[in-house]
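Chemist: You'll find work-v9.cif just under this line, and it carries mmCIF, C-alpha atoms.
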data_target
loop_
_atom_site.label_atom_id
_atom_site.label_comp_id
_atom_site.auth_asym_id
_atom_site.auth_seq_id
_atom_site.Cartn_x
_atom_site.Cartn_y
_atom_site.Cartn_z
CA MET A 126 -81.16 17.54 -148.55
CA ILE A 127 -79.99 19.68 -151.47
CA LEU A 128 -78.86 16.47 -153.11
CA VAL A 129 -82.44 15.15 -153.13
CA PRO A 130 -84.34 15.84 -156.39
CA GLY A 131 -87.30 18.15 -156.02
CA VAL A 132 -89.60 15.95 -158.14
CA ALA A 133 -89.41 12.16 -158.33
CA SER A 134 -90.72 9.99 -161.13
CA ALA A 135 -93.80 7.83 -160.90
CA SER A 136 -91.79 4.71 -160.07
CA SER A 137 -90.41 6.26 -156.88
CA ILE A 138 -91.62 5.11 -153.47
CA PHE A 139 -92.93 7.53 -150.84
CA GLU A 140 -93.87 5.92 -147.53
CA HIS A 141 -94.60 6.83 -143.92
CA GLN A 142 -94.20 3.27 -142.70
CA ASN A 143 -91.81 0.34 -142.99
CA THR A 144 -90.89 -0.14 -146.64
CA THR A 145 -89.26 -2.97 -148.56
CA VAL A 146 -87.78 -3.00 -152.04
CA PRO A 147 -87.81 -6.73 -152.94
CA VAL A 148 -85.12 -8.59 -154.83
CA GLU A 149 -85.12 -7.99 -158.62
CA GLN A 150 -87.42 -4.94 -158.25
CA THR A 151 -86.12 -1.65 -159.70
CA VAL A 152 -87.31 1.79 -158.56
CA ASP A 153 -86.06 5.31 -159.16
CA ASP A 154 -86.05 6.81 -155.66
CA VAL A 155 -87.08 5.79 -152.15
CA TYR A 156 -88.34 8.26 -149.54
CA VAL A 157 -89.37 6.96 -146.13
CA VAL A 158 -90.45 9.20 -143.23
CA GLY A 159 -91.18 7.74 -139.82
CA GLY A 160 -90.41 4.12 -140.75
CA ASP A 161 -87.66 1.66 -141.63
CA ALA A 162 -86.53 0.75 -145.12
CA ASP A 163 -85.30 -2.64 -146.31
CA VAL A 164 -83.64 -2.44 -149.73
CA LEU A 165 -82.94 -5.73 -151.47
CA GLY A 166 -83.43 -4.66 -155.10
CA HIS A 167 -82.16 -1.93 -157.42
CA VAL A 168 -82.58 1.80 -156.67
CA LYS A 169 -81.51 4.02 -159.55
CA GLY A 170 -81.71 7.32 -157.68
CA VAL A 171 -81.51 8.38 -154.04
CA ILE A 172 -82.67 6.83 -150.80
CA VAL A 173 -83.83 9.15 -148.00
CA VAL A 174 -84.91 7.73 -144.65
CA ILE A 175 -85.95 10.19 -141.93
CA ASN A 176 -86.59 9.05 -138.35
CA GLY A 177 -86.00 5.44 -139.29
CA SER A 178 -83.31 2.86 -140.02
CA LEU A 179 -82.11 1.45 -143.33
CA HIS A 180 -81.12 -2.12 -144.11
CA ILE A 181 -79.20 -2.68 -147.33
CA GLY A 182 -79.26 -6.33 -148.30
CA SER A 183 -76.52 -8.24 -150.06
CA THR A 184 -78.54 -8.26 -153.31
CA ALA A 185 -79.13 -4.47 -153.25
CA LYS A 186 -77.74 -2.10 -155.83
CA ILE A 187 -78.02 1.65 -155.21
CA ASP A 188 -76.80 4.12 -157.83
CA GLY A 189 -77.51 7.40 -156.03
CA VAL A 190 -76.93 9.04 -152.66
CA VAL A 191 -78.13 7.45 -149.42
CA VAL A 192 -79.25 9.80 -146.64
CA VAL A 193 -80.41 8.50 -143.26
CA ILE A 194 -81.43 11.00 -140.57
CA GLY A 195 -82.25 9.85 -137.05
CA GLY A 196 -81.61 6.14 -137.61
CA GLU A 197 -79.03 3.46 -138.30
CA VAL A 198 -77.64 1.97 -141.49
CA ASN A 199 -77.02 -1.79 -141.67
CA GLN A 200 -75.29 -2.96 -144.83
CA ASP A 201 -74.79 -6.62 -145.68
CA PRO A 202 -71.64 -7.80 -147.51
CA GLY A 203 -72.10 -7.83 -151.26
CA ALA A 204 -74.32 -4.73 -151.51
CA VAL A 205 -73.33 -2.29 -154.26
CA LEU A 206 -73.39 1.46 -153.59
CA GLY A 207 -72.60 3.81 -156.43
CA ASP A 208 -72.47 7.09 -154.48
CA ASP A 209 -72.02 8.50 -150.97
CA LEU A 210 -73.82 7.43 -147.81
CA TYR A 211 -74.74 9.98 -145.12
CA ASP A 212 -75.90 8.79 -141.69
CA ILE A 213 -76.91 11.66 -139.38
CA SER A 214 -77.83 10.53 -135.89
CA LEU A 215 -79.98 12.60 -133.55
CA ASP A 216 -78.51 11.42 -130.25
CA ASN A 217 -77.77 13.69 -127.30
CA ALA A 218 -74.27 14.49 -128.53
CA THR A 219 -75.56 15.60 -131.92
CA GLN A 220 -78.36 17.64 -130.38
CA ASN A 221 -75.91 19.31 -127.98
CA SER A 222 -73.59 20.09 -130.88
CA LEU A 223 -76.43 21.57 -132.91
CA LEU A 224 -77.56 23.57 -129.88
CA LEU A 225 -74.04 24.83 -129.21
CA GLY A 226 -73.50 25.70 -132.86
CA SER A 227 -76.83 27.51 -133.04
CA GLY A 228 -75.97 29.41 -129.86
CA ILE A 229 -72.61 30.49 -131.26
CA VAL A 230 -74.18 31.62 -134.53
CA ALA A 231 -76.92 33.51 -132.69
CA GLY A 232 -74.36 35.09 -130.36
CA LEU A 233 -72.20 36.25 -133.26
CA TRP A 234 -75.28 37.66 -134.98
CA VAL A 235 -76.24 39.59 -131.82
CA VAL A 236 -72.69 40.94 -131.47
CA GLN A 237 -72.65 41.97 -135.14
CA LEU A 238 -76.04 43.67 -134.77
CA ALA A 239 -74.93 45.52 -131.63
CA ALA A 240 -71.70 46.63 -133.31
CA SER A 241 -73.64 47.88 -136.34
CA LEU A 242 -76.03 49.86 -134.13
CA LEU A 243 -73.12 51.40 -132.22
CA LEU A 244 -71.42 52.25 -135.50
CA ILE A 245 -74.55 54.20 -136.47
CA LEU A 246 -75.62 55.73 -133.16
CA VAL A 247 -72.25 56.83 -131.74
CA PRO A 248 -71.34 59.21 -134.62
CA VAL A 249 -74.85 60.70 -134.54
CA LEU A 250 -74.66 61.28 -130.77
CA ILE A 251 -71.21 62.84 -131.09
CA ARG A 252 -72.52 65.20 -133.76
CA LEU A 253 -75.58 66.13 -131.70
CA LEU A 254 -73.66 66.68 -128.47
CA GLY A 255 -70.66 68.40 -130.01
CA LYS A 256 -72.64 70.77 -132.24
CA LYS A 257 -70.36 73.64 -133.31
CA LYS A 258 -67.11 72.07 -132.05
CA ILE A 259 -67.67 68.90 -134.03
CA ALA A 260 -68.76 70.96 -137.04
CA SER A 261 -65.48 72.89 -137.07
CA PHE A 262 -63.58 69.66 -136.42
CA THR A 263 -65.28 68.08 -139.43
CA GLU A 264 -64.70 71.02 -141.77
CA ARG A 265 -61.03 71.24 -140.81
CA PHE A 266 -60.12 67.94 -142.47
CA GLN A 267 -62.16 68.19 -145.65
CA SER A 268 -59.23 69.65 -147.58
CA VAL A 269 -56.56 67.32 -146.15
CA PRO A 270 -55.27 64.81 -148.74
CA THR A 271 -56.57 61.28 -148.33
CA GLY A 272 -53.11 59.76 -148.56
CA ARG A 273 -51.84 61.89 -145.71
CA LEU A 274 -54.73 60.87 -143.44
CA LEU A 275 -54.30 57.19 -144.27
CA SER A 276 -50.54 57.18 -143.72
CA ALA A 277 -50.88 59.06 -140.43
CA GLY A 278 -53.54 56.61 -139.27
CA PHE A 279 -51.45 53.61 -140.30
CA LEU A 280 -48.42 54.84 -138.35
CA SER A 281 -50.60 55.67 -135.36
CA GLY A 282 -52.13 52.19 -135.46
CA ILE A 283 -48.69 50.57 -135.47
CA ALA A 284 -47.58 52.78 -132.57
CA ILE A 285 -50.70 51.92 -130.54
CA ALA A 286 -50.27 48.19 -131.25
CA ALA A 287 -46.61 48.26 -130.22
CA LEU A 288 -47.36 50.23 -127.05
CA SER A 289 -50.19 47.86 -126.19
CA LEU A 290 -47.91 44.84 -126.50
CA LEU A 291 -45.32 46.46 -124.24
CA LEU A 292 -47.93 47.32 -121.61
CA LEU A 293 -49.51 43.88 -121.82
CA VAL A 294 -46.38 42.03 -120.67
CA THR A 295 -46.37 43.88 -117.33
CA VAL A 296 -49.10 43.72 -114.73
CA VAL A 297 -48.49 47.36 -113.80
CA GLY A 298 -49.02 48.47 -117.38
CA ILE A 299 -52.48 46.89 -117.79
CA PRO A 300 -54.37 49.92 -116.33
CA VAL A 301 -52.39 52.16 -118.68
CA LEU A 302 -53.22 49.79 -121.53
CA ILE A 303 -56.92 50.20 -120.78
CA LEU A 304 -56.55 53.99 -120.98
CA VAL A 305 -54.62 53.73 -124.25
CA LEU A 306 -57.27 51.50 -125.82
CA LEU A 307 -60.04 53.78 -124.54
CA ALA A 308 -58.32 56.79 -126.10
CA ALA A 309 -57.94 54.88 -129.37
CA ILE A 310 -61.66 53.99 -129.35
CA ILE A 311 -62.60 57.62 -128.76
CA ALA A 312 -60.30 58.71 -131.58
CA VAL A 313 -61.85 56.17 -133.96
CA ALA A 314 -65.35 57.31 -132.94
CA LEU A 315 -64.50 60.95 -133.66
CA GLY A 316 -62.94 60.04 -136.97
CA LEU A 317 -65.92 57.90 -137.99
CA THR A 318 -68.15 60.89 -137.27
CA VAL A 319 -66.15 62.92 -139.78
CA ILE A 320 -66.19 60.10 -142.36
CA SER A 321 -69.93 59.56 -141.91
CA TYR A 322 -70.54 63.27 -142.47
CA TRP A 323 -68.44 63.21 -145.64
CA ILE A 324 -70.39 60.24 -146.98
CA GLY A 325 -73.78 61.72 -146.10
CA GLU A 326 -72.88 65.12 -147.56
CA ARG A 327 -72.15 63.59 -150.96
CA ILE A 328 -75.69 62.26 -151.32
CA LYS A 329 -77.78 64.77 -153.23
CA TRP A 330 -80.96 64.09 -151.28
CA SER A 331 -79.25 65.16 -148.02
CA GLU A 332 -77.75 68.45 -149.23
CA THR A 333 -80.36 70.57 -147.45
CA ARG A 334 -80.78 68.26 -144.46
CA PRO A 335 -79.44 68.84 -140.92
CA ASP A 336 -75.86 67.78 -140.21
CA TRP A 337 -76.89 65.02 -137.81
CA LEU A 338 -79.04 63.47 -140.54
CA LYS A 339 -76.08 63.51 -142.92
CA VAL A 340 -74.03 61.73 -140.28
CA LEU A 341 -76.83 59.21 -139.79
CA ILE A 342 -77.03 58.43 -143.50
CA GLY A 343 -73.26 58.12 -143.84
CA ALA A 344 -72.94 55.96 -140.72
CA ALA A 345 -75.74 53.67 -141.88
CA LEU A 346 -74.06 53.18 -145.26
CA LEU A 347 -70.70 52.57 -143.59
CA ALA A 348 -72.23 50.02 -141.21
CA ALA A 349 -74.02 48.25 -144.06
CA PHE A 350 -70.89 47.88 -146.16
CA SER A 351 -68.81 46.89 -143.11
CA ASN A 352 -71.01 43.80 -142.63
CA ILE A 353 -69.91 42.36 -145.97
CA PRO A 354 -67.49 39.50 -145.23
CA ILE A 355 -63.80 40.19 -145.90
CA ILE A 356 -64.40 43.22 -148.15
CA GLY A 357 -66.46 44.94 -145.46
CA TRP A 358 -63.89 44.14 -142.78
CA LEU A 359 -61.14 45.64 -144.91
CA LEU A 360 -63.34 48.68 -145.51
CA PHE A 361 -63.91 49.16 -141.78
CA LEU A 362 -60.17 48.72 -141.11
CA MET A 363 -59.42 51.43 -143.65
CA ALA A 364 -62.07 53.68 -142.07
CA ALA A 365 -60.45 53.10 -138.68
CA MET A 366 -57.05 54.06 -140.13
CA PHE A 367 -58.58 57.24 -141.55
CA SER A 368 -60.12 57.99 -138.17
CA LEU A 369 -56.80 57.58 -136.36
CA GLY A 370 -55.15 59.74 -138.99
CA ILE A 371 -57.71 62.51 -138.48
CA CYS A 372 -57.21 62.55 -134.72
CA THR A 373 -53.42 62.28 -135.04
CA LEU A 374 -53.23 65.32 -137.31
CA TRP A 375 -55.65 67.19 -135.04
CA ILE A 376 -53.47 66.53 -131.97
CA ALA A 377 -50.34 67.49 -133.92
CA GLY A 378 -52.00 70.75 -135.02
CA MET A 379 -52.96 71.61 -131.44
CA ARG A 380 -49.39 71.09 -130.24
CA LYS A 381 -48.04 73.34 -133.00
CA ARG A 382 -50.46 76.12 -132.07
CA LYS A 383 -49.48 75.87 -128.40
CA ALA A 384 -45.80 75.97 -129.31
#
Could you rewrite the structure in this file as structure tokens?

Modeler:
Amino acid sequence: MILVPGVASASSIFEHQNTTVPVEQTVDDVYVVGGDADVLGHVKGVIVVINGSLHIGSTAKIDGVVVVIGGEVNQDPGAVLGDDLYDISLDNATQNSLLLGSGIVAGLWVVQLAASLLLILVPVLIRLLGKKKIASFTERFQSVPTGRLLSAGFLSGIAIAALSLLLLVTVVGIPVLILVLLAAIIAVALGLTVISYWIGERIKWSETRPDWLKVLIGAALLAAFSNIPIIGWLLFLMAAMFSLGICTLWIAGMRKRKA
């Protein structure tokens, strides 16, 4: 319908009943809703028939686009069409396809909304429940170089992916795979809490606010930008790599202190 002009000239035909353009008659556009159209003359612009059928006679000449929704198109030999013809039926197959497509789109939207809410709420809950432990965990990595965190997270991600593939090929390894993925999710959640705090702390308005509010602001911004197609996905992937890097260096530091 984007192809249809918003305003038609005075010589256009608007009808809600069966319409005929006789031989040797010239009009600009034809719009018919709830009726059939019989075009035998010259139509300079578009023809739109909704909930009706279109007959294009052998003497017809149509310069613009032809759009028929919910009806049939019958074209006699000799008719001249200058542009495209679109015939959209509303049979059961089309309705089922539209319903299925709408369901898939709605389902993806619900999943995206749920993921965004989790991306906001989980870091805030971790900060509230962890209190002092999470505060010290957050402060510990503020001075660590960004490149070191990203490289550590990238290597950890490759190691987790390789281990997951090895465990996936064996039935016995599937329970272990579930534990590995669960540990990776927890690590990413902890790292996202740190990243959200960093983002929220850099906003001047939140300097004197509680730590959980800083995490909330940072997580909300991170979730908002992550919903941008392609760029947002790459941003979230980078945040996940940072998160894995934070937890990897934390585990490595704990092992050194025990040794």

Chemist: Could you list, with a cut-off of 6 Å and counting only C-alpha atoms, the residues of stretch 263-324 of chain A near stretch 348-366 of chain A, each shown with its nearest atom pair and the distance in Å rounded to one decimal, rows sorted by chain and ascending number, as JSON lines?

Modeler:
{"residue": "A:Leu275", "atom": "CA", "partner": "A:Met366", "partner_atom": "CA", "distance": 5.9}
{"residue": "A:Gly278", "atom": "CA", "partner": "A:Met366", "partner_atom": "CA", "distance": 4.4}
{"residue": "A:Phe279", "atom": "CA", "partner": "A:Met366", "partner_atom": "CA", "distance": 5.6}
{"residue": "A:Val313", "atom": "CA", "partner": "A:Ala365", "partner_atom": "CA", "distance": 5.8}

Chemist: Carefully work through the PyMOL selection byres ((chain A and resi 288) around 12) for this structure and note down the residues it includes, as a PyMOL selection string.

Modeler: chain A and resi 281-287+289-295+298-299+301-306+309

Chemist: Distance atom CA of A:Trp337-atom CA of A:Pro270, one decimal place?

Modeler: 24.2 Å

Chemist: Please compute the atom CA of A:Val193-atom CA of A:Val174 distance, one decimal, in Å.

Modeler: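 Answer for the atom CA of A:Val193 to atom CA of A:Val174 separation: 4.8 Å.
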
Chemist: May I ask for the distance between atom CA of A:Tyr156 and atom CA of A:Asp188, given in Å to one decimal place?

Modeler: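 Separating atom CA of A:Tyr156 from atom CA of A:Asp188 is a distance of 14.8 Å.
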
Chemist: Name every residue that the PyMOL selection byres ((chain A and resi 175) around 12) selects in this structure, writing the answer as number ranges by chain with chains first and numbers rising.

Modeler: A: 126, 139-143, 155-162, 172-174, 176-179, 191-198, 211-215

Chemist: Evaluating the PyMOL selection byres ((chain A and resi 372) around 8) on the displayed file yields which residues, as number ranges by chain?

Modeler: A: 312-313, 315-316, 368-371, 373-376

Chemist: For A:Ile181, find every residue with an atom within 9 Å (counting only C-alpha atoms), except residues of its own chain fewer than 4 positions away, and show them as a short mmCIF file (atom, residue, chain, number, x, y, z; two decimals) with C-alpha atoms, keeping the file's coordinate frame.

Modeler:
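File written: out-v1.cif
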data_model
loop_
_atom_site.label_atom_id
_atom_site.label_comp_id
_atom_site.auth_asym_id
_atom_site.auth_seq_id
_atom_site.Cartn_x
_atom_site.Cartn_y
_atom_site.Cartn_z
CA ALA A 162 -86.53 0.75 -145.12
CA ASP A 163 -85.30 -2.64 -146.31
CA VAL A 164 -83.64 -2.44 -149.73
CA LEU A 165 -82.94 -5.73 -151.47
CA ALA A 185 -79.13 -4.47 -153.25
CA LYS A 186 -77.74 -2.10 -155.83
CA VAL A 198 -77.64 1.97 -141.49
CA ASN A 199 -77.02 -1.79 -141.67
CA GLN A 200 -75.29 -2.96 -144.83
CA ASP A 201 -74.79 -6.62 -145.68
CA ALA A 204 -74.32 -4.73 -151.51
#

Chemist: Please identify all polymer residues within 7 Å of A:Gly343, counting all atoms listed in the file, omitting same-chain residues fewer than 5 positions from it, and present them as a PyMOL selection string.

Modeler: chain A and resi 321-322+324-325

Chemist: So, counting all atoms listed in the file, which residue among A:Ser183, A:Ser137, A:Ser227, A:Thr318 is closest to A:Leu243?

Modeler: A:Thr318

Chemist: Between A:Gly203, A:Gly166, A:Gly189, A:Pro248, which has the minimum distance to A:Lys339 (counting only C-alpha atoms)?

Modeler: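 Ranking A:Gly203, A:Gly166, A:Gly189, A:Pro248 by distance to A:Lys339, first place goes to A:Pro248.
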
Chemist: Extract stretch 370-382 of chain A from the structure I just pasted (atoms: all heavy atoms) and return it as a PDB file, in the first residue's frame.

Modeler:
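Contents of part05.pdb, freshly written:
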ATOM      1  N   GLY A 370      36.085 -12.466  31.272  1.00  0.00           N
ATOM      2  CA  GLY A 370      37.445 -12.068  31.638  1.00  0.00           C
ATOM      3  C   GLY A 370      37.550 -11.666  33.101  1.00  0.00           C
ATOM      4  O   GLY A 370      38.519 -12.010  33.785  1.00  0.00           O
ATOM      5  N   ILE A 371      36.555 -10.965  33.612  1.00  0.00           N
ATOM      6  CA  ILE A 371      36.544 -10.561  35.019  1.00  0.00           C
ATOM      7  C   ILE A 371      36.543 -11.779  35.929  1.00  0.00           C
ATOM      8  O   ILE A 371      37.344 -11.883  36.873  1.00  0.00           O
ATOM      9  CB  ILE A 371      35.322  -9.659  35.301  1.00  0.00           C
ATOM     10  CG1 ILE A 371      35.504  -8.300  34.619  1.00  0.00           C
ATOM     11  CG2 ILE A 371      35.119  -9.469  36.797  1.00  0.00           C
ATOM     12  CD1 ILE A 371      34.273  -7.428  34.663  1.00  0.00           C
ATOM     13  N   CYS A 372      35.665 -12.729  35.639  1.00  0.00           N
ATOM     14  CA  CYS A 372      35.580 -13.930  36.487  1.00  0.00           C
ATOM     15  C   CYS A 372      36.810 -14.817  36.331  1.00  0.00           C
ATOM     16  O   CYS A 372      37.243 -15.454  37.297  1.00  0.00           O
ATOM     17  CB  CYS A 372      34.311 -14.710  36.148  1.00  0.00           C
ATOM     18  SG  CYS A 372      32.808 -13.869  36.670  1.00  0.00           S
ATOM     19  N   THR A 373      37.376 -14.869  35.131  1.00  0.00           N
ATOM     20  CA  THR A 373      38.583 -15.673  34.914  1.00  0.00           C
ATOM     21  C   THR A 373      39.742 -15.133  35.738  1.00  0.00           C
ATOM     22  O   THR A 373      40.467 -15.889  36.409  1.00  0.00           O
ATOM     23  CB  THR A 373      38.943 -15.692  33.424  1.00  0.00           C
ATOM     24  OG1 THR A 373      37.861 -16.252  32.684  1.00  0.00           O
ATOM     25  CG2 THR A 373      40.192 -16.514  33.180  1.00  0.00           C
ATOM     26  N   LEU A 374      39.945 -13.817  35.688  1.00  0.00           N
ATOM     27  CA  LEU A 374      41.031 -13.226  36.480  1.00  0.00           C
ATOM     28  C   LEU A 374      40.765 -13.347  37.970  1.00  0.00           C
ATOM     29  O   LEU A 374      41.699 -13.512  38.770  1.00  0.00           O
ATOM     30  CB  LEU A 374      41.202 -11.750  36.089  1.00  0.00           C
ATOM     31  CG  LEU A 374      41.672 -11.493  34.647  1.00  0.00           C
ATOM     32  CD1 LEU A 374      41.802 -10.001  34.392  1.00  0.00           C
ATOM     33  CD2 LEU A 374      43.000 -12.192  34.381  1.00  0.00           C
ATOM     34  N   TRP A 375      39.503 -13.290  38.375  1.00  0.00           N
ATOM     35  CA  TRP A 375      39.166 -13.448  39.793  1.00  0.00           C
ATOM     36  C   TRP A 375      39.496 -14.855  40.277  1.00  0.00           C
ATOM     37  O   TRP A 375      40.085 -15.034  41.343  1.00  0.00           O
ATOM     38  CB  TRP A 375      37.684 -13.152  39.997  1.00  0.00           C
ATOM     39  CG  TRP A 375      37.199 -13.401  41.388  1.00  0.00           C
ATOM     40  CD1 TRP A 375      37.588 -12.750  42.521  1.00  0.00           C
ATOM     41  CD2 TRP A 375      36.250 -14.397  41.792  1.00  0.00           C
ATOM     42  NE1 TRP A 375      36.933 -13.271  43.616  1.00  0.00           N
ATOM     43  CE2 TRP A 375      36.110 -14.280  43.200  1.00  0.00           C
ATOM     44  CE3 TRP A 375      35.516 -15.347  41.110  1.00  0.00           C
ATOM     45  CZ2 TRP A 375      35.247 -15.103  43.918  1.00  0.00           C
ATOM     46  CZ3 TRP A 375      34.659 -16.160  41.832  1.00  0.00           C
ATOM     47  CH2 TRP A 375      34.531 -16.039  43.218  1.00  0.00           C
ATOM     48  N   ILE A 376      39.142 -15.873  39.469  1.00  0.00           N
ATOM     49  CA  ILE A 376      39.457 -17.259  39.840  1.00  0.00           C
ATOM     50  C   ILE A 376      40.956 -17.480  39.859  1.00  0.00           C
ATOM     51  O   ILE A 376      41.503 -18.143  40.755  1.00  0.00           O
ATOM     52  CB  ILE A 376      38.770 -18.233  38.860  1.00  0.00           C
ATOM     53  CG1 ILE A 376      37.253 -18.130  39.017  1.00  0.00           C
ATOM     54  CG2 ILE A 376      39.227 -19.665  39.100  1.00  0.00           C
ATOM     55  CD1 ILE A 376      36.488 -18.930  37.986  1.00  0.00           C
ATOM     56  N   ALA A 377      41.656 -16.905  38.879  1.00  0.00           N
ATOM     57  CA  ALA A 377      43.120 -17.045  38.841  1.00  0.00           C
ATOM     58  C   ALA A 377      43.748 -16.380  40.055  1.00  0.00           C
ATOM     59  O   ALA A 377      44.707 -16.914  40.646  1.00  0.00           O
ATOM     60  CB  ALA A 377      43.667 -16.437  37.557  1.00  0.00           C
ATOM     61  N   GLY A 378      43.241 -15.234  40.480  1.00  0.00           N
ATOM     62  CA  GLY A 378      43.771 -14.559  41.675  1.00  0.00           C
ATOM     63  C   GLY A 378      43.536 -15.375  42.937  1.00  0.00           C
ATOM     64  O   GLY A 378      44.405 -15.432  43.821  1.00  0.00           O
ATOM     65  N   MET A 379      42.389 -16.011  43.044  1.00  0.00           N
ATOM     66  CA  MET A 379      42.102 -16.844  44.218  1.00  0.00           C
ATOM     67  C   MET A 379      43.059 -18.043  44.281  1.00  0.00           C
ATOM     68  O   MET A 379      43.530 -18.409  45.363  1.00  0.00           O
ATOM     69  CB  MET A 379      40.653 -17.328  44.172  1.00  0.00           C
ATOM     70  CG  MET A 379      39.622 -16.243  44.425  1.00  0.00           C
ATOM     71  SD  MET A 379      37.938 -16.898  44.456  1.00  0.00           S
ATOM     72  CE  MET A 379      38.059 -18.040  45.843  1.00  0.00           C
ATOM     73  N   ARG A 380      43.346 -18.654  43.160  1.00  0.00           N
ATOM     74  CA  ARG A 380      44.254 -19.793  43.151  1.00  0.00           C
ATOM     75  C   ARG A 380      45.673 -19.390  43.528  1.00  0.00           C
ATOM     76  O   ARG A 380      46.393 -20.128  44.221  1.00  0.00           O
ATOM     77  CB  ARG A 380      44.246 -20.441  41.768  1.00  0.00           C
ATOM     78  CG  ARG A 380      42.900 -21.069  41.388  1.00  0.00           C
ATOM     79  CD  ARG A 380      42.996 -21.819  40.094  1.00  0.00           C
ATOM     80  NE  ARG A 380      43.950 -22.927  40.202  1.00  0.00           N
ATOM     81  CZ  ARG A 380      44.245 -23.752  39.196  1.00  0.00           C
ATOM     82  NH1 ARG A 380      43.681 -23.555  38.015  1.00  0.00           N
ATOM     83  NH2 ARG A 380      45.104 -24.739  39.359  1.00  0.00           N
ATOM     84  N   LYS A 381      46.074 -18.183  43.099  1.00  0.00           N
ATOM     85  CA  LYS A 381      47.416 -17.713  43.472  1.00  0.00           C
ATOM     86  C   LYS A 381      47.513 -17.469  44.969  1.00  0.00           C
ATOM     87  O   LYS A 381      48.527 -17.796  45.606  1.00  0.00           O
ATOM     88  CB  LYS A 381      47.748 -16.418  42.707  1.00  0.00           C
ATOM     89  CG  LYS A 381      48.076 -16.643  41.249  1.00  0.00           C
ATOM     90  CD  LYS A 381      48.455 -15.338  40.578  1.00  0.00           C
ATOM     91  CE  LYS A 381      48.783 -15.543  39.119  1.00  0.00           C
ATOM     92  NZ  LYS A 381      49.152 -14.258  38.446  1.00  0.00           N
ATOM     93  N   ARG A 382      46.457 -16.889  45.550  1.00  0.00           N
ATOM     94  CA  ARG A 382      46.492 -16.622  46.987  1.00  0.00           C
ATOM     95  C   ARG A 382      46.499 -17.926  47.806  1.00  0.00           C
ATOM     96  O   ARG A 382      47.157 -18.030  48.839  1.00  0.00           O
ATOM     97  CB  ARG A 382      45.277 -15.780  47.391  1.00  0.00           C
ATOM     98  CG  ARG A 382      45.412 -14.311  46.953  1.00  0.00           C
ATOM     99  CD  ARG A 382      44.366 -13.442  47.648  1.00  0.00           C
ATOM    100  NE  ARG A 382      43.010 -13.839  47.231  1.00  0.00           N
ATOM    101  CZ  ARG A 382      42.392 -13.323  46.191  1.00  0.00           C
ATOM    102  NH1 ARG A 382      42.986 -12.412  45.438  1.00  0.00           N
ATOM    103  NH2 ARG A 382      41.155 -13.707  45.896  1.00  0.00           N
TER     104      ARG A 382
END
